[in-house]
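Shown next: query_23.txt, given as compact mmCIF, C-alpha atoms.
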```
# COMPACT_ATOMS: atom_id res chain seq x y z
CA MET V 1 3.74 2.67 19.84
CA LEU V 2 5.28 0.63 17.04
CA PHE V 3 4.91 1.43 13.34
CA VAL V 4 4.35 -1.51 11.04
CA GLY V 5 4.39 -1.49 7.25
CA LEU V 6 2.09 -3.88 5.40
CA THR V 7 2.84 -4.42 1.73
CA GLY V 8 2.71 -6.89 -1.12
CA ASN V 9 2.64 -6.90 -4.88
CA ILE V 10 -0.50 -6.30 -6.88
CA GLY V 11 -3.13 -8.97 -6.20
CA SER V 12 -1.32 -10.41 -3.18
CA GLY V 13 -4.26 -9.70 -0.87
CA LYS V 14 -2.72 -7.14 1.46
CA THR V 15 -6.06 -5.34 1.85
CA THR V 16 -7.66 -8.59 3.01
CA VAL V 17 -4.86 -9.07 5.54
CA GLY V 18 -5.23 -5.45 6.67
CA ARG V 19 -8.93 -6.05 7.22
CA LEU V 20 -8.12 -8.99 9.52
CA PHE V 21 -5.83 -6.79 11.59
CA ARG V 22 -8.58 -4.17 11.87
CA GLN V 23 -10.93 -6.85 13.15
CA LEU V 24 -8.39 -7.46 15.92
CA GLY V 25 -8.61 -3.78 16.86
CA VAL V 26 -5.37 -2.68 15.21
CA PRO V 27 -5.56 0.75 13.54
CA VAL V 28 -4.76 0.34 9.83
CA TYR V 29 -4.04 3.25 7.52
CA ARG V 30 -4.73 2.46 3.86
CA ALA V 31 -2.25 4.59 1.93
CA ASP V 32 -3.54 3.64 -1.53
CA GLU V 33 -7.10 4.54 -0.57
CA ARG V 34 -5.98 7.88 0.87
CA GLY V 35 -3.97 8.55 -2.27
CA ARG V 36 -7.12 8.08 -4.33
CA TYR V 37 -8.94 10.45 -1.99
CA PHE V 38 -6.33 13.17 -2.44
CA LEU V 39 -6.69 12.86 -6.21
CA THR V 40 -10.22 14.23 -5.74
CA GLN V 41 -9.01 17.38 -3.95
CA LYS V 42 -8.86 20.67 -5.87
CA GLU V 43 -5.26 21.51 -4.97
CA ILE V 44 -3.98 18.11 -6.11
CA ILE V 45 -6.17 18.14 -9.22
CA ALA V 46 -4.63 21.48 -10.21
CA LYS V 47 -1.11 20.07 -9.79
CA VAL V 48 -1.94 16.95 -11.79
CA VAL V 49 -3.42 19.04 -14.59
CA ALA V 50 -0.32 21.23 -14.58
CA GLY V 51 1.85 18.16 -15.02
CA PHE V 52 -0.30 15.97 -17.25
CA GLY V 53 -2.63 18.34 -19.10
CA SER V 54 -6.36 19.00 -18.94
CA ASP V 55 -7.11 15.90 -21.06
CA ILE V 56 -6.68 13.95 -17.84
CA LEU V 57 -10.03 15.34 -16.59
CA ASP V 58 -13.46 13.92 -17.23
CA ARG V 59 -16.49 16.03 -18.20
CA ASN V 60 -17.12 16.87 -14.54
CA GLY V 61 -13.63 18.21 -13.95
CA HIS V 62 -12.50 15.17 -11.99
CA ILE V 63 -9.35 13.19 -12.68
CA ASP V 64 -10.06 10.21 -14.91
CA ARG V 65 -8.03 7.59 -13.07
CA LYS V 66 -8.09 5.17 -15.99
CA LYS V 67 -6.58 7.79 -18.29
CA LEU V 68 -4.03 8.69 -15.64
CA ALA V 69 -3.10 5.04 -15.10
CA ALA V 70 -2.67 4.51 -18.84
CA ILE V 71 -0.18 7.37 -18.92
CA VAL V 72 1.89 6.65 -15.82
CA PHE V 73 2.17 2.89 -16.25
CA ASP V 74 3.55 3.45 -19.75
CA ASP V 75 6.12 6.01 -18.65
CA GLU V 76 8.44 5.58 -15.64
CA LYS V 77 9.15 9.32 -15.49
CA LYS V 78 5.44 10.18 -15.47
CA LEU V 79 4.86 7.64 -12.69
CA HIS V 80 7.65 9.19 -10.65
CA GLN V 81 6.18 12.64 -11.30
CA LEU V 82 2.78 11.52 -10.00
CA ASN V 83 4.32 9.86 -6.96
CA GLU V 84 6.19 13.05 -6.14
CA LEU V 85 2.84 14.86 -6.03
CA ILE V 86 0.88 12.32 -4.00
CA HIS V 87 3.24 10.53 -1.64
CA PRO V 88 4.44 13.53 0.43
CA VAL V 89 0.79 14.40 1.09
CA VAL V 90 -0.02 10.81 2.07
CA ARG V 91 3.03 10.59 4.34
CA GLU V 92 1.99 13.73 6.21
CA ASP V 93 -1.59 12.49 6.42
CA PHE V 94 -0.32 9.22 7.93
CA ARG V 95 1.78 11.11 10.47
CA VAL V 96 -1.24 13.12 11.62
CA TRP V 97 -3.44 10.01 11.68
CA ALA V 98 -0.91 7.97 13.66
CA ALA V 99 -0.55 10.70 16.28
CA LYS V 100 -4.25 10.28 17.06
CA GLN V 101 -3.95 6.53 17.75
CA GLU V 102 -2.68 7.16 21.26
CA SER V 103 -4.00 3.98 22.86
CA ALA V 104 -2.69 1.58 20.20
CA LEU V 105 0.31 -0.64 20.91
CA TYR V 106 1.05 -0.61 17.20
CA VAL V 107 -0.40 0.80 14.00
CA ILE V 108 -0.18 -0.47 10.44
CA LYS V 109 0.35 1.44 7.23
CA GLU V 110 -0.86 -0.59 4.26
CA SER V 111 0.90 0.49 1.07
CA ALA V 112 1.50 -1.23 -2.26
CA ILE V 113 4.85 0.48 -2.84
CA LEU V 114 6.44 0.70 0.59
CA PHE V 115 9.83 -0.46 -0.68
CA GLU V 116 9.64 1.27 -4.05
CA THR V 117 9.17 4.69 -2.43
CA GLY V 118 11.96 4.18 0.11
CA GLN V 119 9.65 4.10 3.12
CA SER V 120 10.52 0.67 4.48
CA GLY V 121 13.29 1.95 6.75
CA SER V 122 10.81 4.18 8.56
CA PHE V 123 8.96 1.26 10.13
CA ASP V 124 9.69 -0.90 13.14
CA ARG V 125 8.50 -4.05 11.41
CA ILE V 126 7.49 -4.98 7.86
CA ILE V 127 4.80 -7.49 6.89
CA VAL V 128 4.81 -8.78 3.31
CA VAL V 129 1.81 -10.59 1.84
CA ALA V 130 2.95 -13.11 -0.76
CA ALA V 131 1.12 -15.15 -3.39
CA PRO V 132 2.03 -16.93 -6.65
CA GLU V 133 2.13 -14.58 -9.62
CA ASP V 134 -0.51 -16.41 -11.66
CA LEU V 135 -2.92 -16.28 -8.73
CA ARG V 136 -2.24 -12.58 -8.18
CA ILE V 137 -2.94 -11.82 -11.83
CA GLN V 138 -6.12 -13.90 -11.75
CA ARG V 139 -7.37 -11.99 -8.69
CA VAL V 140 -6.78 -8.58 -10.26
CA CYS V 141 -8.36 -9.62 -13.56
CA LYS V 142 -11.48 -10.61 -11.66
CA ARG V 143 -11.43 -7.60 -9.33
CA ASP V 144 -10.69 -4.82 -11.82
CA GLY V 145 -11.87 -6.33 -15.08
CA VAL V 146 -8.56 -5.59 -16.79
CA SER V 147 -6.36 -7.67 -19.07
CA ARG V 148 -3.35 -9.71 -18.05
CA GLU V 149 -1.18 -7.37 -20.11
CA ALA V 150 -2.46 -4.33 -18.23
CA ILE V 151 -1.73 -6.01 -14.89
CA LEU V 152 1.78 -6.98 -15.93
CA LYS V 153 2.36 -3.38 -17.02
CA ARG V 154 1.49 -2.21 -13.49
CA ALA V 155 3.45 -5.00 -11.84
CA ARG V 156 6.69 -4.18 -13.61
CA HIS V 157 6.91 -0.98 -11.54
CA GLN V 158 6.96 -3.01 -8.32
CA ASP V 159 9.99 -4.69 -6.78
CA ASP V 160 10.34 -8.44 -7.13
CA GLU V 161 8.34 -10.34 -4.52
CA ARG V 162 11.38 -12.39 -3.52
CA PHE V 163 13.25 -9.22 -2.62
CA LYS V 164 10.38 -8.06 -0.42
CA ILE V 165 10.19 -11.43 1.34
CA GLU V 166 13.91 -11.26 2.09
CA GLN V 167 13.46 -7.81 3.65
CA ALA V 168 10.32 -8.68 5.63
CA ASP V 169 10.05 -9.35 9.35
CA PHE V 170 6.86 -11.33 8.74
CA VAL V 171 5.49 -13.02 5.63
CA VAL V 172 1.81 -13.87 5.19
CA THR V 173 1.25 -16.56 2.58
CA ASN V 174 -1.99 -15.94 0.71
CA ASP V 175 -1.98 -18.77 -1.81
CA GLY V 176 -5.56 -19.89 -1.29
CA ARG V 177 -4.44 -22.97 0.62
CA LYS V 178 -2.79 -21.72 3.79
CA ALA V 179 -5.31 -20.15 6.20
CA LEU V 180 -4.82 -16.42 6.73
CA ILE V 181 -6.34 -16.02 10.19
CA PRO V 182 -3.79 -18.17 12.10
CA GLN V 183 -0.93 -16.34 10.37
CA VAL V 184 -2.37 -12.92 11.27
CA LEU V 185 -3.10 -13.99 14.83
CA LYS V 186 0.49 -15.16 15.29
CA ILE V 187 1.89 -11.86 14.00
CA HIS V 188 -0.55 -9.91 16.17
CA GLU V 189 0.51 -11.84 19.25
CA THR V 190 4.19 -11.24 18.48
CA MET V 191 3.66 -7.54 17.77
CA THR V 192 1.67 -7.09 20.97
CA GLN V 193 4.48 -8.69 22.97
CA ILE V 194 7.16 -6.58 21.29
CA ALA V 195 5.18 -3.36 21.72
CA GLY V 196 4.42 -4.23 25.33
CA CYS V 197 8.13 -4.58 26.02
CA GLY V 198 8.77 -1.19 24.43
CA ARG V 199 11.32 -2.50 21.96
CA ASN V 200 10.87 0.27 19.39
CA ARG V 201 13.48 -0.17 16.68
CA SER V 202 12.97 3.12 14.87
CA GLY V 203 10.25 5.71 14.46
CA ARG V 204 7.87 6.51 11.62
```

Take the structure from the file and write it as structure tokens.
Amino acid sequence: MLFVGLTGNIGSGKTTVGRLFRQLGVPVYRADERGRYFLTQKEIIAKVVAGFGSDILDRNGHIDRKKLAAIVFDDEKKLHQLNELIHPVVREDFRVWAAKQESALYVIKESAILFETGQSGSFDRIIVVAAPEDLRIQRVCKRDGVSREAILKRARHQDDERFKIEQADFVVTNDGRKALIPQVLKIHETMTQIAGCGRNRSGR
């Protein structure tokens, strides 16, 4: 089994690309979604409160993600602190999940910060979803109902898209003009051939 990382900067459309791979029968692990899930778990909530204070909770005792985002995206150290709480849990969760995908030729881990958290070297291949910055910002504004300034504040914590493209094995262009399906199908065909030949370059 090969391990493939799928990433892209905010608003690039990596979740859409991941959905296309799932439609082809490829198991896709959504790290960002799982990270949000773990933020609802008592043990993680207790650790977040210990690090960020009880003001981070809403009236029901749940983490207010908007308050948390406002804190971490304004403070690099706070963002690192949160990542240190969440990412080890997500990595272990992915390891357990991947071990269950016994029949798959390859699996995909979709993560917004694959490079930023030093995970890229743990994958056999990397797919980067790329899109023009203005289009990415427009998508997130529409999706999340947030301001351009808020999006740029998040984006500054991500590596430059050009760097990611240079490091990628495959690049999916999601600019609204180039069709996604043929690009995904081509990558899927290539990955199936590589996995079938057993050319595993690394591990997890």

Would you list the contacts of segment 87-93 of chain V as an NGL selection string, taking every protein, DNA or RNA residue within 12 Å and counting only C-alpha atoms, but skipping same-chain residues closer than 3 positions in sequence?
:V and (29-39 or 41 or 43-44 or 79-84 or 96-100 or 109-114 or 116-119 or 122 or 204)

Neighbouring residues of Pro182 of chain V were defined as those with any atom within 12 Å, considering all atoms listed in the file; residues of the same chain fewer than 6 positions away were excluded. Please report them as a ChimeraX atom specification.
/V:17,20-21,172-174,188-189

Can you work out which one of V:Lys77, V:Ile10, V:Pro132, V:Ile181 has the shortest atom-to-atom distance to Leu152 of chain V, counting only C-alpha atoms?
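Of the candidates, the smallest distance to Leu152 of chain V is held by V:Ile10.
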
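Put simply, atom CA of Thr40 of chain V is 15.7 Å away from atom CA of Asp55 of chain V.
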
Under the rule that all atoms listed in the file are counted, which of V:Ala50, V:Leu185, V:Lys153, V:Val129 is the nearest residue to Gln23 of chain V?
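Residue with the minimum atom-to-atom distance to Gln23 of chain V: V:Leu185.
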
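Comparing V:Gly5, V:Gly61, V:Gly13, V:Gly145 by their smallest distance to Gln167 of chain V, the closest is V:Gly5 (using all atoms listed in the file).
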
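In this structure, atom CA of Ala130 of chain V sits 6.9 Å away from atom CA of Val171 of chain V.
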
Pick out the residues sitting within 8 Å of Phe115 of chain V, and hand them over as a list in words; count only C-alpha atoms, and ignore anything fewer than 4 positions along from it in its own chain.
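The neighbour list is Gln119, Ser120, Asp159 and Lys164 of chain V.
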